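Q: Mind having a look at this structure? Questions to follow.
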Amino acid sequence: MIVGTAGHIDHGKTTLTRALTGVDTDRLKEEKARGISIELGYAYLPSEDGRVLGVIDVPGHEKFIRTMASGVTGIDVALLVVAADDGIMPQTLEHLAILNLLGVRRGVVALTKTDRADAERIAAVERDVATLLATTPFAGSPVFRTAATAPGDPGVAALREHLHGLEAGLPVRDEARLFRLGVDRVFTLSGQGTVVTGTALAGSVAIGDTVTLAPSGRQARVRAIHAQNRAAERGQAGQRLALNLAGVAKEDLERGSWIVDPRMAACSERIDAELTLLADAGGALKAWSPVHVHIGAAHRTAHVVPLLEDTLQPGARGRVQIVFDAPLHAVPGDRFVVRNAQATQTIGGGVVLDPFGAARRRRSAARLAWLDALAAFIEDGQAAALVAASPTGLEGSALMRLAQRPLEDIALKTETLRLPLAGGDTLLIDPAMLAPLQARVLAALDDFHARHPDEAGPELWRLKRIAAPDASDALWTGVTARMLDEGSIARTGHSLHLPGHSVALSEADQRAAALLLPALEKGRFDPPWVRDLAREYGLQEDAVRQLLRKLARAGQVSQVVKDLFYHPAPLAELARVVGELPDAQAASFRDATGLGRKRAIQILEFFDRVGYTRRVRNSHMVRPNVSWR
């Protein structure tokens with residue numbers, strides 16, 4: 001169990017921690033000289049059954065709210081410290097608000113310095129504390145009168161016994177999740193290298209494991225572990241851990257970095273969240289209001305964009321997108337605190353819904369419905385429902401990142417479709433989500449046939465631009481393949497069409513086509529031009545041109561440039577050459593095919609045009625999940 005102190009400066013948090021654990025958490029010279037805590041302090045208290053209770057001592061000065069917020073993230077119990085002589089003070093109120101915003105729900109109150117106040121004053125402060133806590137999750141928390149400077153103080157002993165009792169009653173942590181640790185301290189040890197400390201928020205880690213630093217993406221190996229201040233082979237959620245990392249330098253990390261399972265490494269500059277403004281926030285938040293955000297042990301500047309209304313008023317709760325100046329690691333359910341633009345006042349806080357907020361259409365009905373699904377997931381933990389709420393499918397890696405569990409441990413519906421993606425990923429689709437997309441495909445083809453009755457139909461990627469421009473390539477290829485298998489659509493050459501649609505050729509056209517198609521196939525990579533075909537077979541040049549265009553509309557040939565048509569067989573060979581080249585550029589494609597540079601460029605541009613490849617500077621890259629048929 002992790003206990004975090006909270007309370008006003010000079011109310012005796014560090015003294016109480018020392019009385020509880022025997023550890024002086026003020027380790028810096030400046031802290032000793034000034035008599036105040038500046039950095040987080042850590043102490044540990046073994047219990048008789050071998051478990052170890054950890055205590056995080058936070059600074060009480062208003063200038064160190066950033067440090068305080070980073071220290072109480074992930075704690076199990078808040079130890080609210082109020083001095084009997086001073087009573088409730090400004091940082092008592094702000095620390096309490098931060099604890100509430102961060103979702104801490106278990107609390108204990110230590111009334112310190114009771115040897116400096118009479119019985120009447122002590123009773124008055126206890127009444128004030130009870131009134132203060134009455135409207136918070138800490139209502140009814142036990143209050144312990146302590147005089148921490150007195151040896152063997154019975155109040156300290158009673159508090160220590162109570163904390164051990166709370167530890168024994170804590171629910172078992174969920175270790176099935178993927179590992180996450182928020183870094184709150186980084187240092188080096190002679191002969192050992194880089195060490196990070198923090199509270200493990202999920203999962204477990206063992207010596208020898210490979211972990212990823214987020215958001216940098218650098219990888220490291222765990223060389224040694226201290227869990228709750230003891231050497232260990234493994235650390236787990238809920239423990240204070242010190243990890244000795246190999247392969248990274250101290251400069252690669254800072255307070256606010258994360259040590260995570262490599263499958264959790266993806267980060268984003270945008271998070272969608274549920275934000276609550278305090279009643280005394282001092283003003284409404286409107287689009288692009290600047291704020292300071294404390295999430296995990298990180299402190300970042302950001303801008304807030306309300307999603308449901310134009311502004312978010314003090315005392316109100318609403319959904320927002322928070323846009324950071326650099327990528328940030330978060331998961332659904334993470335709590336955060338927001339301070340004003342000057343970082344002088346805590347104005348609110350909330351919970352992360354989507355750690356990968358959308359850059360466009362952030363207020364669309366589909367996006368808001370997705371946030372509803374994430375909010376439900378945070379409450380009930382049913383990850384399968386996220387797939388059902390994704391109209392364009394959900395990548396397996398994204399579901400794993402949102403659920404913090406290996407994909408094989410997530411229970412999905414047996415009928416869930418799994419479409420392979422480039423790089424070994426999988427697109428997960430609820431079959432119910434395919435019906436609207438299939439209806440759009442059929443409607444688009446019906447409209448296309450009405451407008452262009454003499455054409456067989458659009459090519460695969462042209463149809464995507466018409467019917468489903470926002471669908472991922474994997475979803476599109478999966479849906480169209482499914483529809484082809486079911487027979488709801490048909491293919492002629494590279495053209496897709498409704499089963500009952502066809503382009504009719506006259507008998508004369510069929511006789512001419514019987515001459516032209518073999519000639520084009522025989523020409524392979526360099527087929528004859530329209531004028532050459534007309535001369536070879538004694539046909540009118542314009543008639544040949546019109547017939548080949550009709551055959552192209554029927555999907556039997558492809559027009560690369562004006563008056564140059566390719567038979568499907570050699571075009572498929574050229575597509576294979578493009579796919580096998582490490583870097584398909586005009587020069588490499590020319591050399592591989594024996595064509596001239598101009599013709600090579602014409603063919604590569606044709607592949608770009610029909611959606612087989614995508615041009616990136618001088619290269620023509622085959623699109624992911626696309627194959628040439």
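Labeling convention for the structure tokens: chains A, B, ... as they appear, residues from 1 per chain, ligands from 1 in order of appearance.
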If you run DSSP on this backbone, which residues of stretch 44-169 of chain A come out as helix (DSSP H, G or I), and could you give them as an NGL selection string?
A: :A and (62-72 or 90-101 or 114-116 or 119-133 or 154-168)
Q: Could you build a table of the residues in stretch 392-442 of chain A lying no more than 12 Å from stretch 191-213 of chain A, giving for each the nearest pair of atoms and their separation in Å rounded to one decimal place, using only C-alpha atoms, ordered by chain and ascending residue number, as a tab-separated table?
A:
```
residue	atom	partner	partner_atom	distance
A:Ala403	CA	A:Ala202	CA	11.3
A:Gln404	CA	A:Ala202	CA	8.3
A:Arg405	CA	A:Gly203	CA	9.0
A:Pro406	CA	A:Gly203	CA	11.1
```
Q: Please list as a list of chain:residue names every residue within 10 Å of A:Gly357, counting only C-alpha atoms and excluding residues in the same chain fewer than 5 positions away.
A: A:Ser268, A:Glu269, A:Arg270, A:Ile271, A:Asp272, A:Ala273, A:Val320, A:Gln321, A:Ile322, A:Val323, A:Arg362, A:Arg367, A:Leu371
Q: Store the residues picked out above, limited to N, CA and C atoms, as a CSV table (one decimal), in the first residue's frame.
A:
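The resulting file, again.csv, is reproduced below:
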```csv
chain,number,residue,atom,x,y,z
A,268,SER,N,0.4,10.4,-27.9
A,268,SER,CA,-0.3,11.3,-28.7
A,268,SER,C,-0.2,12.7,-28.1
A,269,GLU,N,-0.4,13.7,-29.0
A,269,GLU,CA,-0.4,15.1,-28.5
A,269,GLU,C,-1.8,15.6,-28.1
A,270,ARG,N,-2.8,14.7,-28.3
A,270,ARG,CA,-4.2,15.1,-28.1
A,270,ARG,C,-4.9,14.0,-27.2
A,271,ILE,N,-5.6,14.4,-26.2
A,271,ILE,CA,-6.4,13.5,-25.4
A,271,ILE,C,-7.8,14.0,-25.3
A,272,ASP,N,-8.8,13.2,-25.4
A,272,ASP,CA,-10.2,13.6,-25.1
A,272,ASP,C,-10.5,13.1,-23.7
A,273,ALA,N,-11.1,14.0,-22.9
A,273,ALA,CA,-11.3,13.8,-21.5
A,273,ALA,C,-12.6,14.3,-21.0
A,320,VAL,N,-13.9,17.5,-23.2
A,320,VAL,CA,-12.9,18.5,-23.8
A,320,VAL,C,-11.9,17.7,-24.5
A,321,GLN,N,-11.2,18.4,-25.5
A,321,GLN,CA,-10.0,17.8,-26.0
A,321,GLN,C,-8.8,18.7,-25.5
A,322,ILE,N,-7.8,18.0,-25.0
A,322,ILE,CA,-6.6,18.7,-24.4
A,322,ILE,C,-5.5,18.5,-25.4
A,323,VAL,N,-5.0,19.6,-26.0
A,323,VAL,CA,-3.9,19.6,-27.0
A,323,VAL,C,-2.6,20.0,-26.4
A,362,ARG,N,-13.5,16.5,-34.4
A,362,ARG,CA,-13.5,16.1,-33.0
A,362,ARG,C,-14.9,16.2,-32.3
A,367,ARG,N,-17.6,10.6,-33.2
A,367,ARG,CA,-16.5,10.8,-32.2
A,367,ARG,C,-17.2,10.8,-30.8
A,371,LEU,N,-16.6,8.3,-27.6
A,371,LEU,CA,-16.3,8.8,-26.2
A,371,LEU,C,-17.3,8.2,-25.2
```
Q: Can you tell me how far atom CA of A:Phe187 sits from atom CA of A:Lys250, in Å to one decimal?
A: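 Taking atom CA of A:Phe187 and atom CA of A:Lys250, their separation equals 6.3 Å.
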Q: Please compute the atom CA of A:Glu541-atom CA of A:Ala554 distance, one decimal, in Å.
A: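 Value for the atom CA of A:Glu541-atom CA of A:Ala554 distance: 20.0 Å.
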Q: Restricting the calculation to only C-alpha atoms, which member of A:Ser472, A:Gln382, A:Thr414, A:Ser488 is positioned closest to A:Val441?
A: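 Smallest distance to A:Val441 is found for A:Ser488.
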Q: Of the candidates A:Arg545, A:Ile56, A:Gly594, A:Thr114, which shows the shortest atom-to-atom distance to A:Ala512, using only C-alpha atoms?
A: A:Arg545
Q: Write out as a list in words the residues lying within 8 Å of A:His299, counting only C-alpha atoms and excluding same-chain residues fewer than 5 positions away.
A: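 Using only C-alpha atoms, the neighbours found are Arg66, Gly256, His292, Val293 and His294 of chain A.
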Q: List as a PyMOL selection string the protein and nucleic acid residues near A:Ala508, meaning an atom at most 12 Å away when only C-alpha atoms are counted, but skip any in the same chain fewer than 3 places from it.
A: chain A and resi 504-505+511-515+539+543-544+547
Q: Just write the chosen residues, C-alpha atoms, as a compact mmCIF listing (two decimals), in the first residue's frame.
A:
```
# COMPACT_ATOMS: atom_id res chain seq x y z
CA ALA A 504 -22.59 -5.09 -74.26
CA LEU A 505 -20.39 -5.38 -77.37
CA ARG A 511 -14.69 -9.67 -83.94
CA ALA A 512 -12.34 -6.69 -83.71
CA ALA A 513 -11.67 -7.36 -79.99
CA ALA A 514 -10.68 -10.93 -80.88
CA LEU A 515 -7.85 -9.43 -82.97
CA LEU A 539 -9.15 -0.81 -89.26
CA ALA A 543 -12.84 2.92 -84.47
CA VAL A 544 -9.93 1.12 -82.74
CA LEU A 547 -13.42 0.05 -79.10
```
